[in-house]
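Written out below as structure tokens is the structure these notes cover.
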Amino acid sequence: MLRIVRLLTFWMAGWCLLFGTAAAATGSLAGGAAFQHAISSAFGGGMALAEDAQGFIWLGTQAGLVRWDGYLERAYLADPARADALPDSYVSTLHVDAAGRLWVGTNAGGLARYDPRTDSFERVADPQGLVGSEAAAFADRSPGSLWVGGSRGLAWLDLSTMTLQAVPLPATVGRVKALWAGRGGALWVAGEGGLWRRAAADSAFVPIGLPTRDGRRPRAARLLEDSQGNLWVGTRLRGAYVVRPGATVGTPVHEKQHGDLSSDTVQGLVEAQPGEVWIGTYGNGIVRVDLAGHRSQRERHDATQPSSLVDDSVGALLRSRSGLVWVATNYALSRHDPRQDLTDALYGGPGKPVRSNNVPAVLGLRDGRIWLATGESGAQILDPALGRVTELRPNAARPETALPKARVIALAQVPGDEVWIGTQGGLFRARPDGDGLSRVHLPDVPPTTEIWALYVQDGTLWMGGQDGLWALDLSQPPGSPRVRRIAVPGGTRVTALTATSGVLWVGTNDGLGRLNEAAARVDMLPSDPRDPSALPGGMVSSLAVDRQGRLWVATFGRGVQVASGTNARGAMAFRRLSTLDGLPHNGVDALVVDREGLVWASTDDGLARVDPATLDVRAFRAGQNVGLTLFWTGAGSTLPGGELLFGGQGGLLVVHPERVRAEPAPPPPVITEASVGGRAVPAARLMDGAGVVLPADAPSLTVEFASLAFTDRDQLRYAYQLEGFDSDWVAAPPQRRLASYTNLAAGRYTLKLRVARPRDGWSAPLTLAVQVQSHWYQHPVAQVVAGLLAIGLLLGVERVRMLVMRRRQARLEALVARRTAELERRTSELHASRAQLEQMAFFDGMTGLPNRRWFADDLRRTVAEVQRGGEGFAVALVDLDRFKEVNDRFGHDAGDAVLVEVARRLREALRAGDRAARLGGDEFVAVLRPIGDDLDALAAVCGRIVEALAQPIALPDGQKASLGCSVGVARCPLDATDVDRLLKAADLAMYEAKAAGRGQWRLWQAAREAAVLDPAP
């Protein structure tokens, strides 16, 4: 059945941007963003991101701090036994000040500064509790000071004395969650009580209105000032706001398709490029906002798209100095390059403009329309000019006028503009708009013959199939077709067709053949994988002819072969291109020649562009924002506007060849790890220009280095040279960038490190002066004395020689023993660190309860069990009512003791099957199961919790504190059947308990409050 559907408004705007058909359309959101991922157990629960002065990317997580160099991560964990260790493994925020120093704010350990020269942390004392144990925000105040915000309020830090000075805040600000030093010296403060601003010349903080539907003041948690001077505000469960310059009230951020984000928790804000702001949400991916075009687009995890987000819980966003955008989520550190706009991916799947994830054939028509094969679901026609999609769906009830339920694998446009369609169920023809679709019956050709290749040459339509090659004379009327059958040796399938200089070339499953018109057969060319001037054999996936008339052959799994005259035997010769020449993969799928004469190849790992004049290859992968990197054989075409089309596994990729950007030179290398004399030393000590001295008894040096380019890291070339030792540069593979030397002779050396892209010149080298100290007997004076003694003691020469040799042997044995012990020690520390990392990743170090990450995983499993028919349960969010008063009155040690006692009482109040966890700060949660619809059992448990926490708590100094708690309860499946709605319901119920006077619990009323969970768009 032929069906035409209108594209969605937002997709059509993007389509106009892709092909330039609407001059009024502006913005940068055409096509989805492509991400490259680094996934590791060390990346559990990303919370903060920063780029230091050298270019390292730092990731703060709930389980420690991680430094990323593009190849390896280096983890830093809290260690109570070390004063110079990270104060707390739960990292809340990161900040690099104007001098390039890295500052770390933690959830319960205050703030610290990282010292790269010692590879350790200097903690900042807060004896007056001005900031509090949770340091949540930093901002530059002046060259010698920082603004610091936390659980107790706001202060500024004098960097010369490392002391904190109090800054009064309105009481309604509450906990400070974010700071921003704005234009003109203004200071913005985001807290649990909303948003506040202080002008440069005014000491008073002025509240900025953030309107909500229920009138409650939102809890602001993230801030960003964009290049136009707008301040973006992220909140918890209230979405995002924009405060225009000079405004005193913020405007909620709206999505065209998803409402105003009013129920989203925003945990990251970044201006990805001028005029485009990204909003990272917890559980709902990223919202990209185009300021000029007033459009938005969601980026979410898509299991069918490897280049999509790994998960939708975004914890932090960062734009590095090079322009890369970094995304920290629960399970990955990902990056996107917004500078690259070479391609636009039209992803396929249900509800998307491209109906299928698989596009095994594509054809650009002369009028600009695009025909797509959509797996076994027929075909689609995309019309950019009219903004519509035509569906050609299979229909077994109309075998003569509808496509069969078989894959479309070949498309061709013949003179007169008709489109011919080759399928695994026969040959069809239709007008360019899809009308008049009909099956083509040919003499002596079964109507359901598989057609794998179509090619038009001088009024003849060549058809390749499973059973050979046919030639259809297009000049004959439809009622009397004239067809010739051409034999193909071995009965192999025809996979590709093209012609050059009047010769038809036939690609098959078993190699390349040439049409012999006189004999009416195909003569196969010889192949020899061992001969670099011959074809390698195997399946020919695509054929093309460049402007010089040369034949290009894509052989699946064996690269590209370019015709290059004849060899010494008079046979046709070829020049092979493979991954050794720069192809991203030897599995080449389709070849297309652009309007400039350059040859493009789709492969099983991205795209390649080849210059026919030089055969230079440039690869484009996900790192260059190529959204699809796996393609179908033969699925390539062009459009009149010069765009290239490639059918992929995941949708359609549109390539704009004119947008190819020059590759930036990679940054010079930096030293990432170092060992001097067999002992590890901080790499920063070797980067300060002072050089390194090796002891005479351990003259060894090992340096690991990397260019912090992050894009195409495996394609970079590395080399090193120790002048005075190496006669030439030594190549280092990107997977092992080590320069290692042992037993160096006394003297002075210079170690040089450099990097380059595959075809570019080398970077300026990083140089390191190396001095190896001498033994006492290697000094000139000692040698003269030894010579004089030798004259008088000729008989003792042999004995002295043996003594020296024994000493050297002993030193070598000691060196081996020392290195062995060091290796065993480091191996033991590594195992211990990994065990500690896993413990800290899932449990709260203070209370011993499971942490937020453990609870999130456990809740997802429990909801999944209910969805499969398991017993119902309830989630109870427990928030202490007067915990801040305890901290303020009795100090943080007392507050910690209270949290430990609360955890103990909460465990005792729960039943045997219930589970408790600490979400952070003074927030706890309990999963009550089974609970079903037994309100009495639920009331009993919640009553015990409220009663237990209402009892006074004895403090370490003998005093007592009374807190109480507010509990919000939601049931699954009675109140909600998915994680996000369940948590939101419990959270709102908890706030209802607080609003009712605290010290009580409230059950979520699903029927009355459904609109809150599902706000109208």
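Naming scheme: A, B, ... for chains in displayed order of the structure tokens; residues 1 onward per chain; ligands 1 onward as shown.
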Test item, strand (DSSP E) assignment across segment 71-185 of chain A, answer as a ChimeraX atom specification: /A:73-76,91-96,102-106,111-115,120-123,135-142,145-150,154-158,163-167,176-181
Write to file, as a CSV table (one decimal), in the first residue's frame, the residues of the selection just made, with C-alpha atoms.
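Generated file (result32.csv):
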chain,number,residue,atom,x,y,z
A,73,GLU,CA,42.7,6.5,33.7
A,74,ARG,CA,44.5,7.2,36.9
A,75,ALA,CA,42.3,6.9,40.0
A,76,TYR,CA,42.6,8.8,43.3
A,91,VAL,CA,33.6,14.2,44.6
A,92,SER,CA,30.9,16.9,44.3
A,93,THR,CA,32.6,19.5,42.2
A,94,LEU,CA,35.9,20.3,40.4
A,95,HIS,CA,37.3,23.7,39.5
A,96,VAL,CA,40.5,24.9,37.7
A,102,LEU,CA,42.8,22.0,40.3
A,103,TRP,CA,40.4,22.3,43.2
A,104,VAL,CA,38.3,19.4,44.5
A,105,GLY,CA,35.1,19.7,46.5
A,106,THR,CA,33.8,16.6,48.2
A,111,LEU,CA,37.8,21.0,49.8
A,112,ALA,CA,41.3,20.3,48.7
A,113,ARG,CA,43.9,21.4,46.1
A,114,TYR,CA,45.7,19.0,43.9
A,115,ASP,CA,49.5,19.4,43.8
A,120,SER,CA,48.9,14.6,46.3
A,121,PHE,CA,46.2,16.8,47.9
A,122,GLU,CA,46.4,19.8,50.2
A,123,ARG,CA,43.3,20.0,52.4
A,135,ALA,CA,32.1,21.7,49.3
A,136,ALA,CA,29.7,22.0,46.4
A,137,ALA,CA,30.9,25.0,44.3
A,138,PHE,CA,33.8,27.2,43.3
A,139,ALA,CA,34.2,30.4,41.3
A,140,ASP,CA,37.2,32.7,40.6
A,141,ARG,CA,37.1,35.8,42.8
A,142,SER,CA,40.4,37.4,42.0
A,145,SER,CA,41.3,34.2,45.9
A,146,LEU,CA,38.3,31.9,45.2
A,147,TRP,CA,34.6,31.8,46.1
A,148,VAL,CA,33.7,28.6,47.8
A,149,GLY,CA,30.1,27.4,48.6
A,150,GLY,CA,28.9,24.5,50.5
A,154,LEU,CA,29.5,31.0,51.3
A,155,ALA,CA,33.1,32.0,51.9
A,156,TRP,CA,36.1,33.3,50.0
A,157,LEU,CA,39.5,31.5,50.2
A,158,ASP,CA,42.7,33.5,50.4
A,163,THR,CA,42.3,30.6,55.0
A,164,LEU,CA,38.5,31.0,54.6
A,165,GLN,CA,36.7,34.3,55.2
A,166,ALA,CA,32.9,34.3,55.8
A,167,VAL,CA,30.5,36.0,53.4
A,176,VAL,CA,25.0,26.6,48.3
A,177,LYS,CA,25.0,24.2,45.3
A,178,ALA,CA,26.6,26.4,42.5
A,179,LEU,CA,28.5,29.6,42.0
A,180,TRP,CA,29.2,31.7,38.9
A,181,ALA,CA,31.4,34.7,38.6
Can you list, as a list in words, every protein, DNA or RNA residue that comes within 9 Å of Gly677 of chain A when you count only C-alpha atoms, leaving out same-chain residues fewer than 4 positions away?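 That gives Leu694, Pro695, Ala696, Asp697, Ala698, Pro699, Ser700, Leu701, Thr702 and Thr742 of chain A.
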Selection above as a file: all heavy atoms, as a JSON list (two decimals), in the first residue's frame:
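Below is the file that was written, out-v9.json:
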[["chain", "number", "residue", "atom", "x", "y", "z"],
["A", 694, "LEU", "N", 69.60, 10.82, 37.56],
["A", 694, "LEU", "CA", 69.52, 9.40, 37.86],
["A", 694, "LEU", "C", 70.67, 9.02, 38.78],
["A", 694, "LEU", "O", 71.83, 9.38, 38.51],
["A", 694, "LEU", "CB", 69.58, 8.56, 36.58],
["A", 694, "LEU", "CG", 68.60, 8.93, 35.46],
["A", 694, "LEU", "CD1", 68.72, 7.91, 34.31],
["A", 694, "LEU", "CD2", 67.19, 8.97, 35.98],
["A", 695, "PRO", "N", 70.40, 8.29, 39.86],
["A", 695, "PRO", "CA", 71.48, 7.89, 40.76],
["A", 695, "PRO", "C", 72.42, 6.90, 40.08],
["A", 695, "PRO", "O", 72.02, 6.13, 39.20],
["A", 695, "PRO", "CB", 70.74, 7.26, 41.93],
["A", 695, "PRO", "CG", 69.43, 6.81, 41.38],
["A", 695, "PRO", "CD", 69.07, 7.80, 40.30],
["A", 696, "ALA", "N", 73.67, 6.93, 40.50],
["A", 696, "ALA", "CA", 74.66, 6.05, 39.89],
["A", 696, "ALA", "C", 74.36, 4.57, 40.11],
["A", 696, "ALA", "O", 74.66, 3.73, 39.26],
["A", 696, "ALA", "CB", 76.05, 6.39, 40.44],
["A", 697, "ASP", "N", 73.74, 4.24, 41.27],
["A", 697, "ASP", "CA", 73.48, 2.83, 41.55],
["A", 697, "ASP", "C", 72.17, 2.34, 40.93],
["A", 697, "ASP", "O", 71.87, 1.15, 41.02],
["A", 697, "ASP", "CB", 73.45, 2.60, 43.06],
["A", 697, "ASP", "CG", 72.40, 3.44, 43.75],
["A", 697, "ASP", "OD1", 71.90, 4.40, 43.11],
["A", 697, "ASP", "OD2", 72.07, 3.16, 44.92],
["A", 698, "ALA", "N", 71.39, 3.21, 40.32],
["A", 698, "ALA", "CA", 70.15, 2.80, 39.65],
["A", 698, "ALA", "C", 69.92, 3.70, 38.45],
["A", 698, "ALA", "O", 68.96, 4.48, 38.42],
["A", 698, "ALA", "CB", 68.97, 2.86, 40.62],
["A", 699, "PRO", "N", 70.77, 3.62, 37.45],
["A", 699, "PRO", "CA", 70.69, 4.54, 36.30],
["A", 699, "PRO", "C", 69.62, 4.11, 35.29],
["A", 699, "PRO", "O", 69.93, 3.76, 34.15],
["A", 699, "PRO", "CB", 72.09, 4.46, 35.70],
["A", 699, "PRO", "CG", 72.53, 3.06, 35.99],
["A", 699, "PRO", "CD", 71.92, 2.68, 37.31],
["A", 700, "SER", "N", 68.36, 4.15, 35.70],
["A", 700, "SER", "CA", 67.27, 3.73, 34.82],
["A", 700, "SER", "C", 66.21, 4.82, 34.76],
["A", 700, "SER", "O", 66.01, 5.58, 35.72],
["A", 700, "SER", "CB", 66.64, 2.42, 35.29],
["A", 700, "SER", "OG", 66.02, 2.60, 36.55],
["A", 701, "LEU", "N", 65.53, 4.89, 33.64],
["A", 701, "LEU", "CA", 64.48, 5.90, 33.43],
["A", 701, "LEU", "C", 63.40, 5.30, 32.55],
["A", 701, "LEU", "O", 63.69, 4.72, 31.50],
["A", 701, "LEU", "CB", 65.06, 7.15, 32.75],
["A", 701, "LEU", "CG", 64.04, 8.23, 32.35],
["A", 701, "LEU", "CD1", 63.40, 8.85, 33.58],
["A", 701, "LEU", "CD2", 64.72, 9.30, 31.50],
["A", 702, "THR", "N", 62.14, 5.40, 33.01],
["A", 702, "THR", "CA", 60.99, 4.97, 32.22],
["A", 702, "THR", "C", 59.98, 6.10, 32.19],
["A", 702, "THR", "O", 59.61, 6.63, 33.25],
["A", 702, "THR", "CB", 60.34, 3.70, 32.79],
["A", 702, "THR", "OG1", 61.29, 2.64, 32.79],
["A", 702, "THR", "CG2", 59.13, 3.29, 31.96],
["A", 742, "THR", "N", 67.69, 1.41, 30.82],
["A", 742, "THR", "CA", 68.32, 0.88, 32.03],
["A", 742, "THR", "C", 69.83, 0.86, 31.84],
["A", 742, "THR", "O", 70.35, 0.83, 30.71],
["A", 742, "THR", "CB", 67.83, -0.55, 32.32],
["A", 742, "THR", "OG1", 68.11, -1.39, 31.19],
["A", 742, "THR", "CG2", 66.32, -0.57, 32.58]]
Counting only C-alpha atoms, what is within 6 Å of segment 476-486 of chain A, bar same-chain residues fewer than 5 positions away, as a PyMOL selection string? chain A and resi 469-471+520-521
Selection near segment 855-857 of chain A, 12 Å with only C-alpha atoms, sequence-local residues under 6 positions removed, as a PyMOL selection string: chain A and resi 44-45+282-283+313+330-331+841-844+849+863-864+875+877+915-920+924-927+979-980+982-983
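Between Leu472 of chain A and the candidates A:Val445, A:Ala332, A:Leu195, A:Ala745, the tightest atom-to-atom separation, counting only C-alpha atoms, involves A:Val445.
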Taking the DSSP assignment computed from this structure's backbone, write out as a ChimeraX atom specification all residues of segment 672-811 of chain A that belong to alpha helix (DSSP H). /A:780-792,797-811
Export, as a PDB file, in the first residue's frame, the selected residues with C-alpha atoms.
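The result, stored in out.pdb:
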ATOM      1  CA  PRO A 780      89.298  11.318  36.768  1.00  0.00           C
ATOM      2  CA  VAL A 781      91.262  11.673  40.029  1.00  0.00           C
ATOM      3  CA  ALA A 782      90.333   8.192  41.142  1.00  0.00           C
ATOM      4  CA  GLN A 783      91.375   6.779  37.758  1.00  0.00           C
ATOM      5  CA  VAL A 784      94.837   8.448  37.993  1.00  0.00           C
ATOM      6  CA  VAL A 785      95.384   7.035  41.458  1.00  0.00           C
ATOM      7  CA  ALA A 786      94.296   3.618  40.308  1.00  0.00           C
ATOM      8  CA  GLY A 787      96.749   3.813  37.417  1.00  0.00           C
ATOM      9  CA  LEU A 788      99.666   4.659  39.744  1.00  0.00           C
ATOM     10  CA  LEU A 789      98.759   1.819  42.046  1.00  0.00           C
ATOM     11  CA  ALA A 790      98.564  -0.548  39.102  1.00  0.00           C
ATOM     12  CA  ILE A 791     102.196   0.183  38.180  1.00  0.00           C
ATOM     13  CA  GLY A 792     103.412  -0.933  41.607  1.00  0.00           C
ATOM     14  CA  VAL A 797      95.515  -6.515  39.229  1.00  0.00           C
ATOM     15  CA  GLU A 798      93.635  -9.759  38.748  1.00  0.00           C
ATOM     16  CA  ARG A 799      92.424  -9.751  42.329  1.00  0.00           C
ATOM     17  CA  VAL A 800      91.265  -6.139  42.101  1.00  0.00           C
ATOM     18  CA  ARG A 801      89.449  -6.893  38.821  1.00  0.00           C
ATOM     19  CA  MET A 802      87.627  -9.809  40.375  1.00  0.00           C
ATOM     20  CA  LEU A 803      86.675  -7.652  43.367  1.00  0.00           C
ATOM     21  CA  VAL A 804      85.184  -4.967  41.126  1.00  0.00           C
ATOM     22  CA  MET A 805      83.262  -7.574  39.154  1.00  0.00           C
ATOM     23  CA  ARG A 806      81.849  -9.071  42.349  1.00  0.00           C
ATOM     24  CA  ARG A 807      80.760  -5.640  43.515  1.00  0.00           C
ATOM     25  CA  ARG A 808      79.029  -4.991  40.211  1.00  0.00           C
ATOM     26  CA  GLN A 809      77.367  -8.383  40.385  1.00  0.00           C
ATOM     27  CA  ALA A 810      76.152  -7.631  43.893  1.00  0.00           C
ATOM     28  CA  ARG A 811      74.794  -4.287  42.784  1.00  0.00           C
TER      29      ARG A 811
END
Selection: 7 Å around segment 276-279 of chain A, only C-alpha atoms, excl. self and same-chain fewer than 5 positions, as a list of chain:residue names: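 Listing them by chain and then by number gives A:Val266, A:Gly268, A:Leu269, A:Val270, A:Glu271, A:Ile286, A:Val287, A:Arg288, A:Val289, A:Asp290, A:Leu291.
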Residue nearest Val681 of chain A - candidates A:Ala406, A:Ala396, A:Val693, A:Leu738, atoms counted: only C-alpha atoms: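 Checking each of A:Ala406, A:Ala396, A:Val693, A:Leu738 against Val681 of chain A, counting only C-alpha atoms, the winner is A:Val693.
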Show me, as a PyMOL selection string, the residues that have an atom within 7 Å of segment 558-566 of chain A when counting only C-alpha atoms, minus same-chain residues fewer than 6 positions from it. chain A and resi 535+550-552+572-578+586-588
All residues 8 Å or closer to Leu210 of chain A, only C-alpha atoms, same chain fewer than 5 positions away omitted, as a compact mmCIF listing (two decimals) with N, CA and C atoms, in the first residue's frame:
# COMPACT_ATOMS: atom_id res chain seq x y z
N GLY A 194 16.85 28.73 45.96
CA GLY A 194 16.66 29.42 44.70
C GLY A 194 17.94 30.06 44.18
N LEU A 195 17.79 31.18 43.42
CA LEU A 195 18.89 31.86 42.76
C LEU A 195 19.03 33.28 43.30
N ARG A 217 9.58 27.52 45.58
CA ARG A 217 10.87 27.99 45.08
C ARG A 217 11.73 26.78 44.70
N PRO A 218 12.23 26.69 43.49
CA PRO A 218 13.01 25.51 43.09
C PRO A 218 14.39 25.52 43.71
N TYR A 241 16.14 27.11 33.63
CA TYR A 241 15.65 28.47 33.42
C TYR A 241 16.74 29.28 32.72
N VAL A 249 13.74 37.97 36.78
CA VAL A 249 12.94 36.75 36.80
C VAL A 249 13.42 35.87 35.66
N GLY A 250 13.63 34.58 35.95
CA GLY A 250 14.05 33.63 34.94
C GLY A 250 12.89 33.09 34.14
N THR A 251 13.19 32.62 32.94
CA THR A 251 12.18 32.03 32.06
C THR A 251 12.42 30.53 31.95
N PRO A 252 11.40 29.70 32.18
CA PRO A 252 11.60 28.25 32.04
C PRO A 252 12.00 27.89 30.61
